[in-house]
Each structure stands twice: as structure tokens, then as C-alpha cells.
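S.K.: Sharing structure00.tsv (TSV, C-alpha atoms and all ligand atoms) below.
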```
chain	number	residue	atom	x	y	z
A	1	VAL	CA	-3.98	0.51	-28.38
A	2	ALA	CA	-1.57	2.21	-30.79
A	3	PHE	CA	2.08	1.20	-31.14
A	4	GLY	CA	4.15	2.49	-28.23
A	5	GLU	CA	1.13	3.04	-26.00
A	6	THR	CA	0.18	1.05	-22.94
A	7	ALA	CA	-3.39	-0.03	-22.32
A	8	THR	CA	-4.92	1.83	-19.38
A	9	ALA	CA	-7.16	-0.17	-17.09
A	10	THR	CA	-10.28	1.70	-16.03
A	11	THR	CA	-12.26	-0.71	-13.82
A	12	PRO	CA	-11.09	-2.08	-10.46
A	13	GLN	CA	-11.19	-5.61	-11.91
A	14	ALA	CA	-9.02	-4.60	-14.90
A	15	LYS	CA	-6.59	-2.85	-12.54
A	16	PHE	CA	-6.51	-5.95	-10.34
A	17	ASP	CA	-5.78	-8.10	-13.42
A	18	ALA	CA	-2.93	-5.79	-14.47
A	19	LEU	CA	-1.38	-5.86	-10.98
A	20	ALA	CA	-1.89	-9.62	-10.66
A	21	ALA	CA	-0.06	-10.14	-13.97
A	22	LYS	CA	2.90	-8.30	-12.41
A	23	GLY	CA	2.72	-10.40	-9.24
A	24	VAL	CA	1.76	-7.45	-7.03
A	25	LEU	CA	-1.47	-9.18	-5.94
A	26	ASN	CA	-2.85	-12.70	-6.03
A	27	GLY	CA	-6.45	-13.75	-6.41
A	28	TYR	CA	-8.18	-16.15	-4.04
A	29	PRO	CA	-8.17	-19.92	-4.58
A	30	ASP	CA	-11.59	-19.59	-6.25
A	31	GLY	CA	-9.87	-17.53	-8.96
A	32	LYS	CA	-11.64	-14.32	-7.99
A	33	ALA	CA	-10.28	-10.93	-6.91
A	34	HIS	CA	-12.83	-10.41	-4.10
A	35	LEU	CA	-12.47	-6.66	-4.36
A	36	GLU	CA	-15.15	-6.18	-1.73
A	37	LYS	CA	-13.09	-7.84	1.03
A	38	ASP	CA	-10.91	-6.07	3.60
A	39	LEU	CA	-7.28	-7.06	3.91
A	40	THR	CA	-4.98	-7.56	6.84
A	41	ARG	CA	-1.90	-5.52	7.62
A	42	ALA	CA	0.16	-8.63	6.80
A	43	GLU	CA	-1.44	-8.92	3.34
A	44	PHE	CA	-0.88	-5.21	2.78
A	45	ALA	CA	2.81	-5.54	3.72
A	46	LYS	CA	3.12	-8.17	0.99
A	47	ILE	CA	1.50	-5.85	-1.57
A	48	VAL	CA	3.81	-3.01	-0.49
A	49	THR	CA	6.85	-5.26	-0.89
A	50	LYS	CA	5.82	-6.29	-4.40
A	51	LEU	CA	4.61	-2.86	-5.52
A	52	PHE	CA	7.77	-1.03	-4.50
A	53	GLY	CA	10.15	-3.86	-5.41
A	54	LEU	CA	11.47	-4.29	-1.85
A	55	THR	CA	13.73	-7.21	-0.98
A	56	GLU	CA	12.13	-9.74	1.37
A	57	VAL	CA	13.96	-9.92	4.69
A	58	THR	CA	14.52	-13.24	6.47
A	59	GLY	CA	16.36	-14.03	9.70
A	60	LYS	CA	14.97	-11.00	11.49
A	61	LEU	CA	12.02	-10.73	13.90
A	62	SER	CA	11.44	-7.06	14.72
A	63	TYR	CA	8.03	-7.43	16.42
A	64	LYS	CA	6.67	-9.17	19.50
A	65	ASP	CA	3.15	-10.10	18.32
A	66	LYS	CA	1.96	-13.59	19.21
A	67	GLY	CA	2.71	-15.88	16.28
A	68	TYR	CA	5.34	-13.55	14.82
A	69	THR	CA	7.84	-16.34	14.25
A	70	ALA	CA	10.17	-17.39	11.43
A	71	SER	CA	7.52	-19.77	10.05
A	72	ASN	CA	4.93	-17.00	9.66
A	73	TRP	CA	4.52	-16.44	5.88
A	74	ALA	CA	4.16	-12.66	6.34
A	75	VAL	CA	7.37	-12.03	8.26
A	76	PRO	CA	9.67	-11.44	5.21
A	77	TYR	CA	7.21	-8.87	3.84
A	78	ILE	CA	6.62	-7.10	7.17
A	79	GLU	CA	10.37	-6.98	7.75
A	80	ALA	CA	10.93	-5.64	4.22
A	81	ALA	CA	8.37	-2.86	4.68
A	82	SER	CA	9.85	-2.06	8.09
A	83	ALA	CA	13.47	-2.04	6.86
A	84	ALA	CA	12.42	0.37	4.12
A	85	LYS	CA	10.81	2.55	6.83
A	86	LEU	CA	7.41	2.29	5.15
A	87	MET	CA	5.77	0.55	8.14
A	88	GLN	CA	6.67	0.74	11.81
A	89	GLY	CA	3.83	-1.09	13.55
A	90	LYS	CA	1.01	0.09	15.77
A	91	ASP	CA	2.93	0.34	19.04
A	92	THR	CA	6.63	1.02	18.84
A	93	VAL	CA	7.00	0.91	22.64
A	94	LYS	CA	5.53	-2.59	22.99
A	95	GLY	CA	6.84	-3.68	19.60
A	96	ILE	CA	3.43	-4.61	18.21
A	97	PHE	CA	2.86	-4.70	14.46
A	98	ASP	CA	-0.72	-6.11	14.59
A	99	TYR	CA	-0.25	-8.27	11.49
A	100	ASN	CA	-3.71	-9.86	11.74
A	101	GLY	CA	-5.48	-6.53	12.16
A	102	LYS	CA	-7.34	-5.04	9.21
A	103	VAL	CA	-5.44	-2.31	7.40
A	104	THR	CA	-7.24	1.04	7.45
A	105	VAL	CA	-7.34	3.63	4.69
A	106	GLU	CA	-5.27	6.04	6.80
A	107	GLU	CA	-2.59	3.36	7.25
A	108	VAL	CA	-2.52	2.85	3.48
A	109	ALA	CA	-2.16	6.63	3.13
A	110	ALA	CA	0.75	6.69	5.60
A	111	VAL	CA	2.63	4.02	3.65
A	112	LEU	CA	2.06	5.68	0.27
A	113	PHE	CA	3.13	9.04	1.70
A	114	ARG	CA	6.40	7.52	2.96
A	115	ALA	CA	7.12	5.44	-0.15
A	116	LEU	CA	6.42	8.20	-2.63
A	117	LYS	CA	8.01	10.91	-0.46
A	118	LEU	CA	4.93	13.08	-0.87
A	119	GLU	CA	4.88	16.62	0.47
A	120	THR	CA	3.06	17.41	3.72
A	121	PRO	CA	0.22	19.76	2.76
A	122	ALA	CA	-0.12	23.05	4.62
A	123	THR	CA	-3.85	22.54	5.21
A	124	THR	CA	-6.00	19.45	5.60
A	125	ASP	CA	-9.66	18.64	5.03
A	126	ASN	CA	-10.29	14.93	5.54
A	127	SER	CA	-11.74	12.39	7.98
A	128	ALA	CA	-8.45	10.83	9.13
A	129	SER	CA	-7.25	10.50	12.75
A	130	ALA	CA	-4.98	13.29	14.04
A	131	TRP	CA	-1.78	11.27	13.42
A	132	ALA	CA	-2.76	10.60	9.80
A	133	LYS	CA	-4.37	13.88	8.66
A	134	GLY	CA	-1.31	15.03	6.72
A	135	TYR	CA	-0.76	11.62	5.10
A	136	ALA	CA	-4.42	11.45	4.06
A	137	GLN	CA	-4.33	14.93	2.56
A	138	ALA	CA	-1.14	14.17	0.67
A	139	VAL	CA	-2.65	11.09	-1.01
A	140	ILE	CA	-5.85	13.02	-1.79
A	141	ASN	CA	-3.81	15.81	-3.37
A	142	ALA	CA	-1.78	13.26	-5.34
A	143	GLY	CA	-5.02	11.77	-6.72
A	144	LEU	CA	-4.46	8.38	-5.11
A	145	VAL	CA	-7.53	8.29	-2.82
A	146	ALA	CA	-10.80	10.21	-3.21
A	147	GLN	CA	-11.39	13.18	-0.90
A	148	GLY	CA	-14.67	11.91	0.57
A	149	THR	CA	-13.21	8.56	1.64
A	150	ASN	CA	-13.65	7.45	5.26
A	151	PHE	CA	-9.97	7.27	6.23
A	152	LYS	CA	-10.68	5.58	9.57
A	153	ALA	CA	-12.47	2.69	7.87
A	154	ASN	CA	-10.85	-0.58	6.86
A	155	ALA	CA	-9.41	-0.43	3.36
A	156	THR	CA	-11.11	-2.72	0.86
A	157	ARG	CA	-9.10	-4.64	-1.69
A	158	SER	CA	-10.78	-2.43	-4.28
A	159	LEU	CA	-9.41	0.77	-2.68
A	160	VAL	CA	-5.93	-0.73	-2.38
A	161	VAL	CA	-6.05	-1.93	-6.00
A	162	GLU	CA	-7.07	1.52	-7.26
A	163	ALA	CA	-4.31	3.24	-5.27
A	164	ALA	CA	-1.66	0.64	-6.16
A	165	TYR	CA	-2.52	0.85	-9.85
A	166	ALA	CA	-2.23	4.66	-9.74
A	167	VAL	CA	1.15	4.35	-7.99
A	168	ASP	CA	2.36	1.79	-10.52
A	169	THR	CA	1.29	4.04	-13.38
A	170	MET	CA	2.98	7.08	-11.77
A	171	THR	CA	6.24	5.35	-10.99
A	172	LYS	CA	6.54	3.43	-14.27
A	173	ALA	CA	5.61	6.32	-16.57
A	174	PRO	CA	8.39	6.92	-19.11
A	175	ALA	CA	10.31	10.14	-18.60
A	176	ILE	CA	9.49	12.84	-21.14
A	177	LYS	CA	12.48	13.42	-23.39
A	178	THR	CA	13.36	16.88	-24.57
A	179	VAL	CA	14.69	16.88	-28.12
A	180	GLU	CA	16.82	19.80	-29.11
A	181	VAL	CA	15.96	21.04	-32.62
A	182	LEU	CA	18.96	22.58	-34.33
B	201	LIG	C1	3.84	3.79	16.20
B	201	LIG	C2	2.98	4.77	15.48
B	201	LIG	O1	2.97	5.96	15.80
B	201	LIG	N1	2.25	4.25	14.50
B	201	LIG	C3	1.30	5.06	13.75
B	201	LIG	C4	1.58	4.93	12.25
B	201	LIG	O2	2.89	5.33	11.95
B	201	LIG	C5	1.39	3.51	11.81
B	201	LIG	O3	1.46	3.46	10.37
B	201	LIG	C6	1.30	2.12	9.87
B	201	LIG	C7	1.15	2.18	8.36
B	201	LIG	C8	2.58	1.35	10.24
B	201	LIG	O4	3.65	1.97	10.12
B	201	LIG	O5	2.51	0.17	10.60
B	201	LIG	O6	0.09	1.50	10.37
B	201	LIG	C9	-0.17	1.61	11.79
B	201	LIG	C10	-0.02	3.04	12.23
B	201	LIG	O7	-0.17	3.18	13.64
B	201	LIG	C11	-0.09	4.55	14.04
B	201	LIG	O8	-0.34	4.67	15.44
B	201	LIG	C12	-1.69	4.41	15.77
```
Would you mind writing the structure in this file as C-alpha cells?
Ligand code: 6LA

M.R.:
Amino acid sequence: VAFGETATATTPQAKFDALAAKGVLNGYPDGKAHLEKDLTRAEFAKIVTKLFGLTEVTGKLSYKDKGYTASNWAVPYIEAASAAKLMQGKDTVKGIFDYNGKVTVEEVAAVLFRALKLETPATTDNSASAWAKGYAQAVINAGLVAQGTNFKANATRSLVVEAAYAVDTMTKAPAIKTVEVL
């Protein structure tokens, strides 16, 4: 890597390592990334908090799920993502977040759409549910998730790592400076 350049990770494992070094993700106690595993909505809220530099929120319990108490490790992250309006839960009428449920690709798309303030595309061509079609298309168009992805499926750690790495690269890219030549 030449002076002034940043190494670009190309494999999911290298991207995981780069994000782990920044504290966005943690490996498992066995020291492995387990990129093949699914992740829960609680785990995803933690990644969202770290990736977008949100402030953890304590002393607030916005949801009514069983076990959603002050001693639940995920609460500060879920509250942070909710306060930032990046997550709102599965059922706003009943106040259910579903923190133990697996996060789906379309839910990941919804969060990235909101966080990055992506544009709603005029047309869509993807496998997402009706509520998420626009979000899915926006992340496809932004190059964050591949077009052929099953958006209704659970998101693997590998998919989340790839998308998070792309977001981190996008948002941390240095601004191009224009130099006036006299
Ligand atoms: C209440 C609602 O309409 N929820 C939508 C959608 O907004 C939710 O997005 C996230 C990312 C969330 O905000 O928690 O995941 C769950 C989604 O549930 C959807 O309704 C089925």
C-alpha cells in the first residue's frame, strides 16, 4: 500500500477483521468470525450503534418485549438505534421490537436506507416484502447488497459484514479537494 493510501479489504474475513479492529463487530469466544451464522435483531442494533457512532441510551425502555429490562445487554443499543430513528421495532402498536428474532436482509436494507438517507428509487426489481421494496432497491442501487439476494431471508454475518464495510468505506472516504491553479 503506497503512502497516503488505505488498504482495501476484499474478502469477507478481511472486512470482518477491519471492522473488528474498529470495534464495530466482535468475534465469538472461539476467536472466529462465524460469517456463516445469522444474527439477531439485538446483535444488529449493536452493530448499527457502533457503525454509525450512535450514543448508547440508558434509563429508557421503549419496548414491551418479554425480557426487555434494564439488565438486558442489548437495551442501550436498541434504544440508540430507535432514538436515531434507524429502527422502530416490528409492531409499533403493541410496542414489540423482537430483539431475539433473526434480522432479515430487508430489515438491514431498511436501516441502511434510513441511516444513509438514500433516495427512494422510482422503480423496483427485487424479492423484498411490499413494505421493504423501496429500501431494498435503494441499497441495491447504492451497491451495498447484490441484486439477486433473497431479501426475505435472514441476513448472515457475512452479508452484514460486506454491507457494513461498504458503508464504512463510503462514509469515511476523504473528501476530494479542488485546488485552484492560478
Ligand atoms: C412497525 C413497522 O412498520 N415496521 C416495519 C419496519 O419499519 C421495521 O424495520 C426494522 C429495521 C425496524 O425498524 O425495527 O425491522 C423490522 C421492520 O418491521 C416492519 O414491519 C414488518

S.K.: Distance limit 10 Å, reference ligand LIG 201 (chain B), atoms considered: only C-alpha atoms and all ligand atoms. Which residues make the cut? Give them as a PDB file with C-alpha atoms, in the coordinates of the input.

M.R.:
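The resulting file, selection-v7.pdb, is reproduced below:
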```
ATOM      1  CA  ARG A  41      -1.900  -5.520   7.620  1.00  0.00           C
ATOM      2  CA  ALA A  42       0.160  -8.630   6.800  1.00  0.00           C
ATOM      3  CA  PHE A  44      -0.880  -5.210   2.780  1.00  0.00           C
ATOM      4  CA  ALA A  45       2.810  -5.540   3.720  1.00  0.00           C
ATOM      5  CA  ILE A  78       6.620  -7.100   7.170  1.00  0.00           C
ATOM      6  CA  ALA A  81       8.370  -2.860   4.680  1.00  0.00           C
ATOM      7  CA  SER A  82       9.850  -2.060   8.090  1.00  0.00           C
ATOM      8  CA  LYS A  85      10.810   2.550   6.830  1.00  0.00           C
ATOM      9  CA  LEU A  86       7.410   2.290   5.150  1.00  0.00           C
ATOM     10  CA  MET A  87       5.770   0.550   8.140  1.00  0.00           C
ATOM     11  CA  GLN A  88       6.670   0.740  11.810  1.00  0.00           C
ATOM     12  CA  GLY A  89       3.830  -1.090  13.550  1.00  0.00           C
ATOM     13  CA  LYS A  90       1.010   0.090  15.770  1.00  0.00           C
ATOM     14  CA  ASP A  91       2.930   0.340  19.040  1.00  0.00           C
ATOM     15  CA  THR A  92       6.630   1.020  18.840  1.00  0.00           C
ATOM     16  CA  VAL A  93       7.000   0.910  22.640  1.00  0.00           C
ATOM     17  CA  LYS A  94       5.530  -2.590  22.990  1.00  0.00           C
ATOM     18  CA  GLY A  95       6.840  -3.680  19.600  1.00  0.00           C
ATOM     19  CA  ILE A  96       3.430  -4.610  18.210  1.00  0.00           C
ATOM     20  CA  PHE A  97       2.860  -4.700  14.460  1.00  0.00           C
ATOM     21  CA  ASP A  98      -0.720  -6.110  14.590  1.00  0.00           C
ATOM     22  CA  TYR A  99      -0.250  -8.270  11.490  1.00  0.00           C
ATOM     23  CA  GLY A 101      -5.480  -6.530  12.160  1.00  0.00           C
ATOM     24  CA  LYS A 102      -7.340  -5.040   9.210  1.00  0.00           C
ATOM     25  CA  VAL A 103      -5.440  -2.310   7.400  1.00  0.00           C
ATOM     26  CA  THR A 104      -7.240   1.040   7.450  1.00  0.00           C
ATOM     27  CA  VAL A 105      -7.340   3.630   4.690  1.00  0.00           C
ATOM     28  CA  GLU A 106      -5.270   6.040   6.800  1.00  0.00           C
ATOM     29  CA  GLU A 107      -2.590   3.360   7.250  1.00  0.00           C
ATOM     30  CA  VAL A 108      -2.520   2.850   3.480  1.00  0.00           C
ATOM     31  CA  ALA A 109      -2.160   6.630   3.130  1.00  0.00           C
ATOM     32  CA  ALA A 110       0.750   6.690   5.600  1.00  0.00           C
ATOM     33  CA  VAL A 111       2.630   4.020   3.650  1.00  0.00           C
ATOM     34  CA  LEU A 112       2.060   5.680   0.270  1.00  0.00           C
ATOM     35  CA  PHE A 113       3.130   9.040   1.700  1.00  0.00           C
ATOM     36  CA  ARG A 114       6.400   7.520   2.960  1.00  0.00           C
ATOM     37  CA  SER A 129      -7.250  10.500  12.750  1.00  0.00           C
ATOM     38  CA  ALA A 130      -4.980  13.290  14.040  1.00  0.00           C
ATOM     39  CA  TRP A 131      -1.780  11.270  13.420  1.00  0.00           C
ATOM     40  CA  ALA A 132      -2.760  10.600   9.800  1.00  0.00           C
ATOM     41  CA  TYR A 135      -0.760  11.620   5.100  1.00  0.00           C
TER      42      TYR A 135
END
```

S.K.: In Å, with one decimal, what is the gap from CA of Gly23 (chain A) to CA of Lys50 (chain A)?

M.R.: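 So the answer is 7.1 Å.
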
S.K.: Quick one: of A:Val24, A:Glu79, A:Ala74, A:Val145, who's nearest to Thr40 (chain A), counting only C-alpha atoms?

M.R.: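 Of all the options, A:Ala74 lies closest to Thr40 (chain A).
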
S.K.: Could you work out how far CA of Thr49 (chain A) lies from CA of Ala20 (chain A), giving the answer in Å with one decimal?

M.R.: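 Distance reported for this atom pair: 13.8 Å.
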
S.K.: Pick from A:Val75, A:Val161, A:Val167, A:Val57: nearest to Glu36 (chain A), with all atoms listed in the file counted?

M.R.: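 Closest candidate: A:Val161.
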
S.K.: Record the distance separating CA of Ala80 (chain A) and CA of Glu56 (chain A), expressed in Å with one decimal.

M.R.: 5.1 Å

S.K.: Could you name the residues that touch Phe52 (chain A) at 9 Å or less, counting all atoms listed in the file, but leaving out those on the same chain fewer than 5 positions away, as JSON, numbers by chain?

M.R.: {"A": [47, 115, 168]}

S.K.: Please, which residues are within 8 Å of (-11.9, 7.3, 12.4) by the file's coordinates, counting all atoms listed in the file, and could they come as a ChimeraX atom specification?

M.R.: /A:127-129,150-153

S.K.: Counting only C-alpha atoms, which of A:Ala138, A:Leu159, A:Ala83, A:Ala166 gets nearest to His34 (chain A)?

M.R.: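 Closest to His34 (chain A), using only C-alpha atoms: A:Leu159.
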
S.K.: Pick from A:Ala21, A:Lys46, A:Lys60, A:Gly143: nearest to Trp73 (chain A), with all atoms listed in the file counted?

M.R.: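 Once distances to Trp73 (chain A) are computed over all atoms listed in the file, the minimum belongs to A:Lys46.
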
S.K.: Which one is closest to Pro121 (chain A): A:Lys37, A:Lys22, A:Lys133, A:Lys172? Count all atoms listed in the file.

M.R.: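 That would be A:Lys133, the residue with the smallest distance to Pro121 (chain A).
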
S.K.: Between A:Asn72, A:Leu144, A:Asp17, A:Thr120, which has the minimum distance to Ala164 (chain A) (counting all atoms listed in the file)?

M.R.: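 Looking only at the distances to Ala164 (chain A), the closest residue turns out to be A:Leu144.
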
S.K.: Could N, CA, C and O atoms be built for region 59-76 of chain A and written out as a PDB file, in the coordinates of the input?

M.R.:
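And here's part.pdb as it stands now:
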```pdb
ATOM      1  N   GLY A  59      15.378 -13.986   8.614  1.00  0.00           N
ATOM      2  CA  GLY A  59      16.360 -14.030   9.700  1.00  0.00           C
ATOM      3  C   GLY A  59      16.255 -12.867  10.652  1.00  0.00           C
ATOM      4  O   GLY A  59      17.188 -12.587  11.411  1.00  0.00           O
ATOM      5  N   LYS A  60      15.139 -12.153  10.612  1.00  0.00           N
ATOM      6  CA  LYS A  60      14.970 -11.000  11.490  1.00  0.00           C
ATOM      7  C   LYS A  60      13.531 -11.001  12.013  1.00  0.00           C
ATOM      8  O   LYS A  60      12.592 -11.221  11.232  1.00  0.00           O
ATOM      9  N   LEU A  61      13.364 -10.789  13.309  1.00  0.00           N
ATOM     10  CA  LEU A  61      12.020 -10.730  13.900  1.00  0.00           C
ATOM     11  C   LEU A  61      11.920  -9.445  14.712  1.00  0.00           C
ATOM     12  O   LEU A  61      12.294  -9.407  15.878  1.00  0.00           O
ATOM     13  N   SER A  62      11.438  -8.378  14.079  1.00  0.00           N
ATOM     14  CA  SER A  62      11.440  -7.060  14.720  1.00  0.00           C
ATOM     15  C   SER A  62      10.267  -6.824  15.661  1.00  0.00           C
ATOM     16  O   SER A  62      10.277  -5.842  16.386  1.00  0.00           O
ATOM     17  N   TYR A  63       9.243  -7.691  15.623  1.00  0.00           N
ATOM     18  CA  TYR A  63       8.030  -7.430  16.420  1.00  0.00           C
ATOM     19  C   TYR A  63       7.756  -8.561  17.407  1.00  0.00           C
ATOM     20  O   TYR A  63       8.259  -9.682  17.252  1.00  0.00           O
ATOM     21  N   LYS A  64       6.926  -8.214  18.416  1.00  0.00           N
ATOM     22  CA  LYS A  64       6.670  -9.170  19.500  1.00  0.00           C
ATOM     23  C   LYS A  64       5.254  -9.727  19.471  1.00  0.00           C
ATOM     24  O   LYS A  64       4.820 -10.325  20.454  1.00  0.00           O
ATOM     25  N   ASP A  65       4.522  -9.560  18.395  1.00  0.00           N
ATOM     26  CA  ASP A  65       3.150 -10.100  18.320  1.00  0.00           C
ATOM     27  C   ASP A  65       3.190 -11.615  18.501  1.00  0.00           C
ATOM     28  O   ASP A  65       4.125 -12.280  18.055  1.00  0.00           O
ATOM     29  N   LYS A  66       2.098 -12.138  19.088  1.00  0.00           N
ATOM     30  CA  LYS A  66       1.960 -13.590  19.210  1.00  0.00           C
ATOM     31  C   LYS A  66       1.951 -14.182  17.798  1.00  0.00           C
ATOM     32  O   LYS A  66       1.264 -13.670  16.905  1.00  0.00           O
ATOM     33  N   GLY A  67       2.697 -15.227  17.590  1.00  0.00           N
ATOM     34  CA  GLY A  67       2.710 -15.880  16.280  1.00  0.00           C
ATOM     35  C   GLY A  67       3.658 -15.234  15.281  1.00  0.00           C
ATOM     36  O   GLY A  67       3.737 -15.647  14.124  1.00  0.00           O
ATOM     37  N   TYR A  68       4.382 -14.204  15.725  1.00  0.00           N
ATOM     38  CA  TYR A  68       5.340 -13.550  14.820  1.00  0.00           C
ATOM     39  C   TYR A  68       6.660 -14.316  14.916  1.00  0.00           C
ATOM     40  O   TYR A  68       7.586 -13.942  15.646  1.00  0.00           O
ATOM     41  N   THR A  69       6.691 -15.442  14.189  1.00  0.00           N
ATOM     42  CA  THR A  69       7.840 -16.340  14.250  1.00  0.00           C
ATOM     43  C   THR A  69       8.371 -16.567  12.830  1.00  0.00           C
ATOM     44  O   THR A  69       7.701 -16.218  11.847  1.00  0.00           O
ATOM     45  N   ALA A  70       9.523 -17.192  12.739  1.00  0.00           N
ATOM     46  CA  ALA A  70      10.170 -17.390  11.430  1.00  0.00           C
ATOM     47  C   ALA A  70       9.287 -18.163  10.455  1.00  0.00           C
ATOM     48  O   ALA A  70       9.442 -18.024   9.230  1.00  0.00           O
ATOM     49  N   SER A  71       8.358 -18.977  10.964  1.00  0.00           N
ATOM     50  CA  SER A  71       7.520 -19.770  10.050  1.00  0.00           C
ATOM     51  C   SER A  71       6.266 -19.010   9.592  1.00  0.00           C
ATOM     52  O   SER A  71       5.489 -19.532   8.798  1.00  0.00           O
ATOM     53  N   ASN A  72       6.089 -17.802  10.074  1.00  0.00           N
ATOM     54  CA  ASN A  72       4.930 -17.000   9.660  1.00  0.00           C
ATOM     55  C   ASN A  72       5.196 -16.477   8.244  1.00  0.00           C
ATOM     56  O   ASN A  72       6.197 -15.774   8.007  1.00  0.00           O
ATOM     57  N   TRP A  73       4.299 -16.787   7.290  1.00  0.00           N
ATOM     58  CA  TRP A  73       4.520 -16.440   5.880  1.00  0.00           C
ATOM     59  C   TRP A  73       4.736 -14.944   5.664  1.00  0.00           C
ATOM     60  O   TRP A  73       5.409 -14.523   4.709  1.00  0.00           O
ATOM     61  N   ALA A  74       4.141 -14.118   6.564  1.00  0.00           N
ATOM     62  CA  ALA A  74       4.160 -12.660   6.340  1.00  0.00           C
ATOM     63  C   ALA A  74       5.432 -11.979   6.819  1.00  0.00           C
ATOM     64  O   ALA A  74       5.699 -10.830   6.439  1.00  0.00           O
ATOM     65  N   VAL A  75       6.213 -12.673   7.634  1.00  0.00           N
ATOM     66  CA  VAL A  75       7.370 -12.030   8.260  1.00  0.00           C
ATOM     67  C   VAL A  75       8.333 -11.385   7.232  1.00  0.00           C
ATOM     68  O   VAL A  75       8.715 -10.224   7.400  1.00  0.00           O
ATOM     69  N   PRO A  76       8.721 -12.075   6.144  1.00  0.00           N
ATOM     70  CA  PRO A  76       9.670 -11.440   5.210  1.00  0.00           C
ATOM     71  C   PRO A  76       9.143 -10.143   4.587  1.00  0.00           C
ATOM     72  O   PRO A  76       9.919  -9.228   4.275  1.00  0.00           O
TER      73      PRO A  76
END
```
